[in-house]
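Undergrad: Following this line is my_file31.cif, made up of mmCIF, C-alpha atoms; chains and numbers go by the auth columns:
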```cif
data_input
#
loop_
_atom_site.group_PDB
_atom_site.id
_atom_site.type_symbol
_atom_site.label_atom_id
_atom_site.label_comp_id
_atom_site.label_asym_id
_atom_site.label_seq_id
_atom_site.Cartn_x
_atom_site.Cartn_y
_atom_site.Cartn_z
_atom_site.B_iso_or_equiv
_atom_site.auth_seq_id
_atom_site.auth_asym_id
ATOM 1 C CA MET A 1 166.341 195.773 67.819 0.00 20 A
ATOM 2 C CA THR A 2 166.540 195.047 71.539 0.00 21 A
ATOM 3 C CA LYS A 3 167.159 197.333 74.457 0.00 22 A
ATOM 4 C CA PRO A 4 169.353 196.132 77.374 0.00 23 A
ATOM 5 C CA PHE A 5 168.177 196.567 80.946 0.00 24 A
ATOM 6 C CA PRO A 6 171.203 196.137 83.267 0.00 25 A
ATOM 7 C CA THR A 7 170.431 194.955 86.800 0.00 26 A
ATOM 8 C CA LYS A 8 172.608 193.871 89.694 0.00 27 A
ATOM 9 C CA ASN A 9 172.746 190.194 88.751 0.00 28 A
ATOM 10 C CA LEU A 10 171.103 189.780 85.346 0.00 29 A
ATOM 11 C CA ARG A 11 170.760 191.553 82.053 0.00 30 A
ATOM 12 C CA PHE A 12 167.245 191.808 80.698 0.00 31 A
ATOM 13 C CA PHE A 13 166.320 192.789 77.141 0.00 32 A
ATOM 14 C CA LEU A 14 163.124 194.032 75.555 0.00 33 A
ATOM 15 C CA THR A 15 161.967 192.928 72.112 0.00 34 A
ATOM 16 C CA ALA A 16 160.609 195.304 69.503 0.00 35 A
ATOM 17 C CA PRO A 17 156.782 195.442 69.152 0.00 36 A
ATOM 18 C CA SER A 18 155.173 192.819 66.917 0.00 37 A
ATOM 19 C CA PRO A 19 151.579 191.693 66.203 0.00 38 A
ATOM 20 C CA CYS A 20 150.023 189.802 69.105 0.00 39 A
ATOM 21 C CA PRO A 21 149.209 186.194 68.122 0.00 40 A
ATOM 22 C CA TYR A 22 146.347 185.985 70.630 0.00 41 A
ATOM 23 C CA LEU A 23 144.458 189.283 70.675 0.00 42 A
ATOM 24 C CA PRO A 24 143.637 190.922 67.312 0.00 43 A
ATOM 25 C CA GLY A 25 144.812 194.485 66.954 0.00 44 A
ATOM 26 C CA LYS A 26 147.247 194.278 69.856 0.00 45 A
ATOM 27 C CA ARG A 27 151.040 194.543 69.765 0.00 46 A
ATOM 28 C CA GLU A 28 153.259 192.392 71.946 0.00 47 A
ATOM 29 C CA ARG A 29 156.665 192.937 73.505 0.00 48 A
ATOM 30 C CA LYS A 30 158.636 190.538 75.670 0.00 49 A
ATOM 31 C CA VAL A 31 161.303 191.020 78.287 0.00 50 A
ATOM 32 C CA PHE A 32 163.857 188.231 78.353 0.00 51 A
ATOM 33 C CA THR A 33 167.144 187.055 79.822 0.00 52 A
ATOM 34 C CA ALA A 34 169.554 184.195 79.231 0.00 53 A
ATOM 35 C CA LEU A 35 169.322 180.920 81.130 0.00 54 A
ATOM 36 C CA ASP A 36 172.882 179.676 81.314 0.00 55 A
ATOM 37 C CA GLY A 37 175.701 178.971 83.733 0.00 56 A
ATOM 38 C CA TYR A 38 175.896 176.663 86.699 0.00 57 A
ATOM 39 C CA ASP A 39 172.888 178.276 88.405 0.00 58 A
ATOM 40 C CA ALA A 40 170.524 178.006 85.397 0.00 59 A
ATOM 41 C CA GLU A 41 168.106 175.656 87.161 0.00 60 A
ATOM 42 C CA SER A 42 167.748 177.751 90.313 0.00 61 A
ATOM 43 C CA LEU A 43 167.355 180.857 88.165 0.00 62 A
ATOM 44 C CA HIS A 44 164.720 179.064 86.093 0.00 63 A
ATOM 45 C CA ASP A 45 162.792 178.173 89.265 0.00 64 A
ATOM 46 C CA LEU A 46 162.908 181.776 90.479 0.00 65 A
ATOM 47 C CA LEU A 47 161.858 183.263 87.159 0.00 66 A
ATOM 48 C CA THR A 48 159.053 180.736 86.605 0.00 67 A
ATOM 49 C CA ASP A 49 157.627 181.587 90.014 0.00 68 A
ATOM 50 C CA SER A 50 157.732 185.230 88.891 0.00 69 A
ATOM 51 C CA GLY A 51 155.778 184.610 85.688 0.00 70 A
ATOM 52 C CA PHE A 52 158.496 183.843 83.145 0.00 71 A
ATOM 53 C CA ARG A 53 158.411 181.032 80.563 0.00 72 A
ATOM 54 C CA ARG A 54 161.305 179.185 78.953 0.00 73 A
ATOM 55 C CA SER A 55 162.086 178.978 75.245 0.00 74 A
ATOM 56 C CA GLN A 56 165.369 177.169 74.576 0.00 75 A
ATOM 57 C CA ASN A 57 167.982 178.965 76.715 0.00 76 A
ATOM 58 C CA ILE A 58 165.868 182.094 77.150 0.00 77 A
ATOM 59 C CA ALA A 59 163.420 183.016 79.919 0.00 78 A
ATOM 60 C CA TYR A 60 160.782 185.542 78.862 0.00 79 A
ATOM 61 C CA ARG A 61 157.525 187.143 79.869 0.00 80 A
ATOM 62 C CA PRO A 62 155.156 189.622 78.183 0.00 81 A
ATOM 63 C CA SER A 63 155.908 193.304 78.676 0.00 82 A
ATOM 64 C CA CYS A 64 153.322 194.958 76.468 0.00 83 A
ATOM 65 C CA GLU A 65 152.494 198.645 76.557 0.00 84 A
ATOM 66 C CA GLY A 66 148.980 199.250 77.837 0.00 85 A
ATOM 67 C CA CYS A 67 148.097 195.548 78.107 0.00 86 A
ATOM 68 C CA ASP A 68 148.476 192.987 80.871 0.00 87 A
ATOM 69 C CA ALA A 69 146.135 190.304 79.494 0.00 88 A
ATOM 70 C CA CYS A 70 148.664 187.454 79.754 0.00 89 A
ATOM 71 C CA ILE A 71 148.394 185.910 83.218 0.00 90 A
ATOM 72 C CA SER A 72 150.625 183.096 84.474 0.00 91 A
ATOM 73 C CA ALA A 73 148.574 180.061 85.519 0.00 92 A
ATOM 74 C CA ARG A 74 149.332 176.912 87.483 0.00 93 A
ATOM 75 C CA VAL A 75 147.353 174.018 88.932 0.00 94 A
ATOM 76 C CA PRO A 76 147.807 173.187 92.649 0.00 95 A
ATOM 77 C CA VAL A 77 147.831 169.451 91.976 0.00 96 A
ATOM 78 C CA GLU A 78 146.961 168.221 95.473 0.00 97 A
ATOM 79 C CA ARG A 79 143.739 170.250 95.497 0.00 98 A
ATOM 80 C CA PHE A 80 142.723 169.339 91.952 0.00 99 A
ATOM 81 C CA GLU A 81 139.686 167.056 91.748 0.00 100 A
ATOM 82 C CA PHE A 82 138.950 164.760 88.822 0.00 101 A
ATOM 83 C CA ASN A 83 135.292 165.456 88.117 0.00 102 A
ATOM 84 C CA ARG A 84 133.043 163.376 85.905 0.00 103 A
ATOM 85 C CA ARG A 85 134.204 165.078 82.714 0.00 104 A
ATOM 86 C CA TRP A 86 137.887 164.594 83.520 0.00 105 A
ATOM 87 C CA ARG A 87 137.359 160.938 84.429 0.00 106 A
ATOM 88 C CA LYS A 88 135.601 160.321 81.106 0.00 107 A
ATOM 89 C CA ILE A 89 138.537 161.786 79.189 0.00 108 A
ATOM 90 C CA MET A 90 140.987 159.682 81.173 0.00 109 A
ATOM 91 C CA THR A 91 138.942 156.540 80.480 0.00 110 A
ATOM 92 C CA ARG A 92 138.666 157.403 76.785 0.00 111 A
ATOM 93 C CA ASN A 93 142.464 157.419 76.582 0.00 112 A
ATOM 94 C CA ALA A 94 143.171 154.464 78.830 0.00 113 A
ATOM 95 C CA ASP A 95 144.585 152.563 75.840 0.00 114 A
ATOM 96 C CA LEU A 96 147.476 155.022 75.467 0.00 115 A
ATOM 97 C CA THR A 97 150.900 154.151 76.823 0.00 116 A
ATOM 98 C CA ARG A 98 153.222 156.759 78.285 0.00 117 A
ATOM 99 C CA ALA A 99 157.027 156.842 78.031 0.00 118 A
ATOM 100 C CA LEU A 100 159.448 159.417 79.390 0.00 119 A
ATOM 101 C CA LYS A 101 162.179 160.268 76.882 0.00 120 A
ATOM 102 C CA PRO A 102 165.291 162.471 77.024 0.00 121 A
ATOM 103 C CA ALA A 103 165.109 165.920 75.455 0.00 122 A
ATOM 104 C CA GLU A 104 166.198 164.669 72.031 0.00 123 A
ATOM 105 C CA ALA A 105 164.186 165.465 68.900 0.00 124 A
ATOM 106 C CA THR A 106 163.031 162.651 66.623 0.00 125 A
ATOM 107 C CA HIS A 107 161.645 162.798 63.105 0.00 126 A
ATOM 108 C CA GLU A 108 158.552 160.924 64.279 0.00 127 A
ATOM 109 C CA GLN A 109 157.796 163.654 66.813 0.00 128 A
ATOM 110 C CA PHE A 110 158.475 166.343 64.233 0.00 129 A
ATOM 111 C CA TRP A 111 156.080 164.962 61.618 0.00 130 A
ATOM 112 C CA LEU A 112 153.337 164.650 64.225 0.00 131 A
ATOM 113 C CA LEU A 113 154.034 168.266 65.184 0.00 132 A
ATOM 114 C CA ARG A 114 153.778 169.303 61.518 0.00 133 A
ATOM 115 C CA ARG A 115 150.378 167.609 61.193 0.00 134 A
ATOM 116 C CA TYR A 116 149.211 169.248 64.409 0.00 135 A
ATOM 117 C CA LEU A 117 150.357 172.728 63.348 0.00 136 A
ATOM 118 C CA THR A 118 148.831 172.404 59.884 0.00 137 A
ATOM 119 C CA SER A 119 145.494 171.379 61.382 0.00 138 A
ATOM 120 C CA ARG A 120 145.332 173.653 64.439 0.00 139 A
ATOM 121 C CA HIS A 121 147.731 176.584 63.962 0.00 140 A
ATOM 122 C CA ALA A 122 148.289 176.996 60.228 0.00 141 A
ATOM 123 C CA GLU A 123 148.581 180.792 60.583 0.00 142 A
ATOM 124 C CA GLY A 124 150.740 180.729 63.703 0.00 143 A
ATOM 125 C CA GLY A 125 154.377 181.653 64.119 0.00 144 A
ATOM 126 C CA MET A 126 155.454 178.001 64.241 0.00 145 A
ATOM 127 C CA ALA A 127 153.740 177.000 60.989 0.00 146 A
ATOM 128 C CA ASP A 128 156.993 177.053 58.991 0.00 147 A
ATOM 129 C CA MET A 129 159.062 175.222 61.590 0.00 148 A
ATOM 130 C CA THR A 130 161.763 172.940 60.172 0.00 149 A
ATOM 131 C CA PHE A 131 163.253 169.877 61.814 0.00 150 A
ATOM 132 C CA SER A 132 166.284 171.963 62.805 0.00 151 A
ATOM 133 C CA ASP A 133 163.946 174.477 64.471 0.00 152 A
ATOM 134 C CA TYR A 134 162.197 171.672 66.326 0.00 153 A
ATOM 135 C CA ALA A 135 165.494 170.143 67.427 0.00 154 A
ATOM 136 C CA ALA A 136 166.580 173.511 68.804 0.00 155 A
ATOM 137 C CA MET A 137 163.284 173.894 70.689 0.00 156 A
ATOM 138 C CA VAL A 138 163.718 170.477 72.303 0.00 157 A
ATOM 139 C CA GLU A 139 167.446 170.137 72.803 0.00 158 A
ATOM 140 C CA GLU A 140 168.693 173.645 73.581 0.00 159 A
ATOM 141 C CA THR A 141 168.039 173.661 77.303 0.00 160 A
ATOM 142 C CA ALA A 142 170.196 174.366 80.329 0.00 161 A
ATOM 143 C CA VAL A 143 167.629 172.952 82.751 0.00 162 A
ATOM 144 C CA HIS A 144 166.104 169.562 83.547 0.00 163 A
ATOM 145 C CA THR A 145 163.873 168.852 80.547 0.00 164 A
ATOM 146 C CA HIS A 146 162.283 165.727 79.105 0.00 165 A
ATOM 147 C CA ILE A 147 159.675 164.614 76.579 0.00 166 A
ATOM 148 C CA VAL A 148 156.663 162.478 77.412 0.00 167 A
ATOM 149 C CA GLU A 149 155.444 160.389 74.486 0.00 168 A
ATOM 150 C CA TYR A 150 151.959 158.887 74.267 0.00 169 A
ATOM 151 C CA ARG A 151 151.361 155.951 71.912 0.00 170 A
ATOM 152 C CA TYR A 152 148.338 153.987 70.781 0.00 171 A
ATOM 153 C CA SER A 153 148.437 150.459 72.141 0.00 172 A
ATOM 154 C CA ASP A 154 145.485 149.005 70.218 0.00 173 A
ATOM 155 C CA GLY A 155 143.596 149.275 66.934 0.00 174 A
ATOM 156 C CA PRO A 156 144.833 150.298 63.474 0.00 175 A
ATOM 157 C CA LYS A 157 147.239 152.894 64.927 0.00 176 A
ATOM 158 C CA ASN A 158 148.822 150.465 67.377 0.00 177 A
ATOM 159 C CA GLY A 159 152.332 151.683 68.186 0.00 178 A
ATOM 160 C CA ASP A 160 151.931 155.059 66.490 0.00 179 A
ATOM 161 C CA LEU A 161 152.709 158.289 68.309 0.00 180 A
ATOM 162 C CA ALA A 162 149.484 159.907 69.563 0.00 181 A
ATOM 163 C CA GLY A 163 150.986 162.920 71.289 0.00 182 A
ATOM 164 C CA ALA A 164 154.033 164.372 73.002 0.00 183 A
ATOM 165 C CA ALA A 165 154.802 166.983 75.639 0.00 184 A
ATOM 166 C CA LEU A 166 158.013 168.906 76.245 0.00 185 A
ATOM 167 C CA VAL A 167 158.246 169.394 80.006 0.00 186 A
ATOM 168 C CA ASP A 168 160.605 171.152 82.422 0.00 187 A
ATOM 169 C CA VAL A 169 161.168 169.834 85.937 0.00 188 A
ATOM 170 C CA LEU A 170 161.197 172.599 88.561 0.00 189 A
ATOM 171 C CA GLY A 171 161.866 172.537 92.246 0.00 190 A
ATOM 172 C CA ASP A 172 158.156 172.797 93.053 0.00 191 A
ATOM 173 C CA GLY A 173 156.481 171.287 90.011 0.00 192 A
ATOM 174 C CA LEU A 174 156.363 170.519 86.325 0.00 193 A
ATOM 175 C CA SER A 175 156.172 173.166 83.619 0.00 194 A
ATOM 176 C CA MET A 176 154.531 172.273 80.317 0.00 195 A
ATOM 177 C CA VAL A 177 156.644 173.995 77.678 0.00 196 A
ATOM 178 C CA TYR A 178 154.776 172.718 74.623 0.00 197 A
ATOM 179 C CA SER A 179 152.525 169.807 73.697 0.00 198 A
ATOM 180 C CA PHE A 180 151.070 168.505 70.441 0.00 199 A
ATOM 181 C CA PHE A 181 148.968 165.563 69.378 0.00 200 A
ATOM 182 C CA ASP A 182 147.223 163.642 66.602 0.00 201 A
ATOM 183 C CA PRO A 183 144.738 166.124 65.089 0.00 202 A
ATOM 184 C CA GLU A 184 142.606 163.322 63.647 0.00 203 A
ATOM 185 C CA GLU A 185 141.556 162.117 67.107 0.00 204 A
ATOM 186 C CA SER A 186 139.454 165.078 68.252 0.00 205 A
ATOM 187 C CA ARG A 187 137.040 162.830 70.165 0.00 206 A
ATOM 188 C CA ARG A 188 139.829 161.840 72.544 0.00 207 A
ATOM 189 C CA SER A 189 140.520 165.445 73.705 0.00 208 A
ATOM 190 C CA LEU A 190 144.220 164.628 73.658 0.00 209 A
ATOM 191 C CA GLY A 191 145.308 168.141 74.648 0.00 210 A
ATOM 192 C CA ILE A 192 143.144 168.044 77.777 0.00 211 A
ATOM 193 C CA TYR A 193 144.225 164.473 78.478 0.00 212 A
ATOM 194 C CA THR A 194 147.909 165.457 78.374 0.00 213 A
ATOM 195 C CA ILE A 195 147.334 168.107 81.052 0.00 214 A
ATOM 196 C CA LEU A 196 145.295 165.746 83.222 0.00 215 A
ATOM 197 C CA ASP A 197 147.975 163.084 82.948 0.00 216 A
ATOM 198 C CA HIS A 198 150.650 165.588 83.944 0.00 217 A
ATOM 199 C CA ILE A 199 148.590 166.628 86.964 0.00 218 A
ATOM 200 C CA GLN A 200 148.708 162.979 87.994 0.00 219 A
ATOM 201 C CA GLN A 201 152.438 162.759 87.247 0.00 220 A
ATOM 202 C CA ALA A 202 153.192 165.878 89.298 0.00 221 A
ATOM 203 C CA ARG A 203 151.108 164.591 92.200 0.00 222 A
ATOM 204 C CA ALA A 204 152.742 161.159 92.103 0.00 223 A
ATOM 205 C CA SER A 205 156.209 162.763 92.130 0.00 224 A
ATOM 206 C CA GLY A 206 155.388 164.883 95.185 0.00 225 A
ATOM 207 C CA PHE A 207 155.338 168.205 93.359 0.00 226 A
ATOM 208 C CA GLY A 208 152.947 170.978 94.316 0.00 227 A
ATOM 209 C CA HIS A 209 152.178 172.527 90.945 0.00 228 A
ATOM 210 C CA LEU A 210 151.722 172.058 87.235 0.00 229 A
ATOM 211 C CA TYR A 211 152.590 175.268 85.364 0.00 230 A
ATOM 212 C CA LEU A 212 150.422 175.845 82.279 0.00 231 A
ATOM 213 C CA GLY A 213 151.972 179.024 80.905 0.00 232 A
ATOM 214 C CA TYR A 214 149.798 182.052 80.214 0.00 233 A
ATOM 215 C CA TRP A 215 146.038 182.259 80.384 0.00 234 A
ATOM 216 C CA ILE A 216 144.627 185.136 78.325 0.00 235 A
ATOM 217 C CA PRO A 217 141.019 186.110 79.048 0.00 236 A
ATOM 218 C CA GLY A 218 139.273 186.836 75.780 0.00 237 A
ATOM 219 C CA SER A 219 141.500 184.542 73.725 0.00 238 A
ATOM 220 C CA GLU A 220 139.694 181.453 72.420 0.00 239 A
ATOM 221 C CA LYS A 221 143.034 179.667 72.077 0.00 240 A
ATOM 222 C CA MET A 222 143.633 179.976 75.817 0.00 241 A
ATOM 223 C CA ASP A 223 140.124 179.529 77.226 0.00 242 A
ATOM 224 C CA TYR A 224 140.717 175.854 78.026 0.00 243 A
ATOM 225 C CA LYS A 225 143.203 176.673 80.797 0.00 244 A
ATOM 226 C CA ALA A 226 140.524 178.282 82.960 0.00 245 A
ATOM 227 C CA GLN A 227 138.743 174.922 83.139 0.00 246 A
ATOM 228 C CA PHE A 228 141.393 173.336 85.369 0.00 247 A
ATOM 229 C CA ARG A 229 140.117 174.409 88.762 0.00 248 A
ATOM 230 C CA PRO A 230 141.265 175.130 91.308 0.00 249 A
ATOM 231 C CA LEU A 231 143.604 177.282 89.240 0.00 250 A
ATOM 232 C CA GLU A 232 146.121 179.737 90.618 0.00 251 A
ATOM 233 C CA LEU A 233 146.936 182.981 88.790 0.00 252 A
ATOM 234 C CA LEU A 234 149.894 185.299 89.303 0.00 253 A
ATOM 235 C CA LEU A 235 148.246 188.652 90.075 0.00 254 A
ATOM 236 C CA ALA A 236 150.058 191.731 91.415 0.00 255 A
ATOM 237 C CA GLY A 237 153.113 189.627 92.202 0.00 256 A
ATOM 238 C CA ALA A 238 151.315 186.927 94.202 0.00 257 A
ATOM 239 C CA TRP A 239 149.757 183.575 93.302 0.00 258 A
ATOM 240 C CA ARG A 240 146.014 183.717 94.009 0.00 259 A
ATOM 241 C CA THR A 241 143.193 181.222 93.546 0.00 260 A
ATOM 242 C CA PHE A 242 141.147 181.970 90.440 0.00 261 A
ATOM 243 C CA GLU A 243 137.587 182.893 91.388 0.00 262 A
ATOM 244 C CA PRO A 244 135.555 183.414 88.195 0.00 263 A
ATOM 245 C CA VAL A 245 132.565 185.719 88.232 0.00 264 A
ATOM 246 C CA GLU A 246 129.414 183.749 87.453 0.00 265 A
ATOM 247 C CA PHE A 247 126.481 185.417 85.710 0.00 266 A
#
```
What's the structure tokens form of this structure?
TA:
Amino acid sequence: MTKPFPTKNLRFFLTAPSPCPYLPGKRERKVFTALDGYDAESLHDLLTDSGFRRSQNIAYRPSCEGCDACISARVPVERFEFNRRWRKIMTRNADLTRALKPAEATHEQFWLLRRYLTSRHAEGGMADMTFSDYAAMVEETAVHTHIVEYRYSDGPKNGDLAGAALVDVLGDGLSMVYSFFDPEESRRSLGIYTILDHIQQARASGFGHLYLGYWIPGSEKMDYKAQFRPLELLLAGAWRTFEPVEF
């Protein structure tokens, strides 16, 4: 059941409550609207700047009763500094090659995704995803979207797919929709590497930001996003620099 919310230019809908996948004991609801028509890209830019995320041809954001834990986060790429830890991760993955691909699903990507989900998110909502589901996630888009593939270029896995990221191109930056990687290569920190590489890509393309989705304080699954400082958070309708309290 959904409830329509008519506005002057858009129609927003509210999902029914369901268990929160990030905070035990919480219930989540989302407000969403369609991304379609000739102005889908400009609408996507506006909504992303207001804290929405894209899933296929839908833009959504949390609208939970009594909870505002989900906070939109983005990296101001020009101010981001590659510290010693980040440089080590980049060096550790220097043998990977990067290729930009159109938003078209492949079976190779899908089977890597299945391995990743089984290893990292076996109880999550995507655990039963089929190839048709994956193709819809990748290909049903009304905005500028692409996939970045990372491949091993040396060793026994030479040529194999190491990771992939589904990415939207915005007017002011890149938005990481979803990424996944080889779960057997934990030493490489491939998830962190993918974000670092996209910070470099955004900077090289003249964009100001890399959008990371929602950071949720108290959720172990989302803790890693707070490491990418300086980080900007959308608080009370304005993007503000994250200033953690140190104890």
Undergrad: In Å to one decimal, how far is CA of Ala184 in chain A from CA of Met148 in chain A?
TA: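 For CA of Met148 in chain A relative to CA of Ala184 in chain A, the distance reads 16.8 Å.
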Undergrad: Please enumerate the residues selected by the PyMOL selection byres ((chain A and resi 207-211) around 9) when evaluated against the supplied file, formatted as a ChimeraX atom specification.
TA: /A:105,108-109,111-112,181-182,198-202,204-206,212-216,243
Undergrad: Quick one: write out the picked residues with C-alpha atoms as an mmCIF file, in the frame of the given file?
TA:
```cif
data_model
loop_
_atom_site.group_PDB
_atom_site.id
_atom_site.type_symbol
_atom_site.label_atom_id
_atom_site.label_comp_id
_atom_site.auth_asym_id
_atom_site.auth_seq_id
_atom_site.Cartn_x
_atom_site.Cartn_y
_atom_site.Cartn_z
ATOM 1 C CA TRP A 105 137.887 164.594 83.520
ATOM 2 C CA ILE A 108 138.537 161.786 79.189
ATOM 3 C CA MET A 109 140.987 159.682 81.173
ATOM 4 C CA ARG A 111 138.666 157.403 76.785
ATOM 5 C CA ASN A 112 142.464 157.419 76.582
ATOM 6 C CA ALA A 181 149.484 159.907 69.563
ATOM 7 C CA GLY A 182 150.986 162.920 71.289
ATOM 8 C CA SER A 198 152.525 169.807 73.697
ATOM 9 C CA PHE A 199 151.070 168.505 70.441
ATOM 10 C CA PHE A 200 148.968 165.563 69.378
ATOM 11 C CA ASP A 201 147.223 163.642 66.602
ATOM 12 C CA PRO A 202 144.738 166.124 65.089
ATOM 13 C CA GLU A 204 141.556 162.117 67.107
ATOM 14 C CA SER A 205 139.454 165.078 68.252
ATOM 15 C CA ARG A 206 137.040 162.830 70.165
ATOM 16 C CA TYR A 212 144.225 164.473 78.478
ATOM 17 C CA THR A 213 147.909 165.457 78.374
ATOM 18 C CA ILE A 214 147.334 168.107 81.052
ATOM 19 C CA LEU A 215 145.295 165.746 83.222
ATOM 20 C CA ASP A 216 147.975 163.084 82.948
ATOM 21 C CA TYR A 243 140.717 175.854 78.026
#
```
Undergrad: Skip Ala124 in chain A itself and residues of its chain fewer than 2 positions away, then list as a PyMOL selection string all residues within 8 Å of it, counting all atoms listed in the file.
TA: chain A and resi 122+126+128-129+153-154+157-158
Undergrad: Name the closest residue to Asp191 in chain A among the candidates A:Pro249, A:Pro121, A:Pro95, A:Gly256; distances are taken between atoms, counting all atoms listed in the file.
TA: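 Using all atoms listed in the file, the shortest distance to Asp191 in chain A belongs to A:Pro95.
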Undergrad: Please list as a VMD selection string every residue within 9 Å of Val162 in chain A, counting only C-alpha atoms and excluding residues in the same chain fewer than 3 positions away.
TA: chain A and resid 54 to 55 59 to 61 63 76 187 to 189
Undergrad: Using the chain letters and numbers from this file, what does the PyMOL selection byres ((chain A and resi 48) around 12) select? Give the answer as a ChimeraX atom specification.
TA: /A:20-22,32-40,45-47,49-51,79-87,89
Undergrad: Which residues are close to Phe226 in chain A, i.e. within 6 Å by only C-alpha atoms, leaving aside same-chain residues fewer than 4 positions away? Reply as a PDB file with C-alpha atoms, in the frame of the given file.
TA:
```pdb
ATOM      1  CA  ASP A 191     158.156 172.797  93.053  1.00  0.00           C
ATOM      2  CA  GLY A 192     156.481 171.287  90.011  1.00  0.00           C
ATOM      3  CA  ALA A 221     153.192 165.878  89.298  1.00  0.00           C
ATOM      4  CA  ARG A 222     151.108 164.591  92.200  1.00  0.00           C
TER       5      ARG A 222
END
```
Undergrad: Please expand the PyMOL selection byres ((chain A and resi 41) around 8) into the concrete residues it hits in this file, giving the result as a VMD selection string.
TA: chain A and resid 39 to 40 42 to 43 235 238 240
Undergrad: Neighbouring residues of Asp68 in chain A were defined as those with any atom within 12 Å, considering all atoms listed in the file; residues of the same chain fewer than 4 positions away were excluded. Please report them as a list of chain:residue names.
TA: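 Near neighbours after the sequence-gap exclusion: A:Ser61, A:Leu62, A:His63, A:Asp64, A:Arg72, A:Arg73, A:Ala78, A:Arg80, A:Ser91, A:Ala92, A:Arg93, A:Leu189, A:Gly190, A:Asp191, A:Gly192, A:Leu193, A:Ser194, A:His228, A:Leu229, A:Tyr230, A:Gly232, A:Glu251, A:Leu252, A:Leu253, A:Leu254, A:Gly256, A:Ala257, A:Trp258.
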Undergrad: Report, in Å to a single decimal, how far apart CA of Thr67 in chain A and CA of Glu123 in chain A are.
TA: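 CA of Thr67 in chain A lies at a distance of 22.8 Å from CA of Glu123 in chain A.
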Undergrad: Up to 6 Å from (168.9, 187.2, 81.7) in the file's coordinates: name the residues, counting only C-alpha atoms, as a PyMOL selection string.
TA: chain A and resi 29-31+52-53
Undergrad: Could you work out how far CA of Leu185 in chain A lies from CA of Tyr197 in chain A, giving the answer in Å with one decimal?
TA: 5.3 Å
Undergrad: Quick one: 8 Å padding each side, axis-aligned, all listed atoms of range 195-213 of chain A - centre and edge lengths in Å to one decimal, as lines of an AutoDock Vina configuration file?
TA:
```
center_x = 146.8
center_y = 167.9
center_z = 72.0
size_x = 35.6
size_y = 28.2
size_z = 32.7
```
Undergrad: Could N, CA, C and O atoms be built for range 50-60 of chain A and written out as a tab-separated table (two decimals), keeping the file's coordinate frame?
TA:
```tsv
chain	number	residue	atom	x	y	z
A	50	VAL	N	160.04	190.81	77.59
A	50	VAL	CA	161.30	191.02	78.29
A	50	VAL	C	161.92	189.65	78.49
A	50	VAL	O	161.23	188.68	78.80
A	51	PHE	N	163.23	189.55	78.26
A	51	PHE	CA	163.86	188.23	78.35
A	51	PHE	C	165.27	188.33	78.88
A	51	PHE	O	165.90	189.38	78.87
A	52	THR	N	165.77	187.17	79.33
A	52	THR	CA	167.14	187.06	79.82
A	52	THR	C	167.65	185.66	79.52
A	52	THR	O	166.86	184.75	79.25
A	53	ALA	N	168.95	185.49	79.56
A	53	ALA	CA	169.55	184.20	79.23
A	53	ALA	C	169.48	183.25	80.43
A	53	ALA	O	169.64	183.67	81.58
A	54	LEU	N	169.25	181.99	80.13
A	54	LEU	CA	169.32	180.92	81.13
A	54	LEU	C	170.58	180.12	80.83
A	54	LEU	O	170.59	179.25	79.96
A	55	ASP	N	171.65	180.43	81.54
A	55	ASP	CA	172.88	179.68	81.31
A	55	ASP	C	173.71	179.70	82.59
A	55	ASP	O	173.35	180.32	83.58
A	56	GLY	N	174.83	179.01	82.57
A	56	GLY	CA	175.70	178.97	83.73
A	56	GLY	C	175.32	177.88	84.71
A	56	GLY	O	174.32	177.19	84.56
A	57	TYR	N	176.09	177.74	85.74
A	57	TYR	CA	175.90	176.66	86.70
A	57	TYR	C	174.61	176.81	87.51
A	57	TYR	O	174.07	175.84	88.04
A	58	ASP	N	174.09	178.04	87.60
A	58	ASP	CA	172.89	178.28	88.40
A	58	ASP	C	171.63	178.40	87.55
A	58	ASP	O	170.63	178.96	87.98
A	59	ALA	N	171.66	177.85	86.31
A	59	ALA	CA	170.52	178.01	85.40
A	59	ALA	C	169.24	177.42	85.98
A	59	ALA	O	168.16	178.01	85.83
A	60	GLU	N	169.33	176.29	86.66
A	60	GLU	CA	168.11	175.66	87.16
A	60	GLU	C	167.49	176.46	88.30
A	60	GLU	O	166.27	176.63	88.35
```
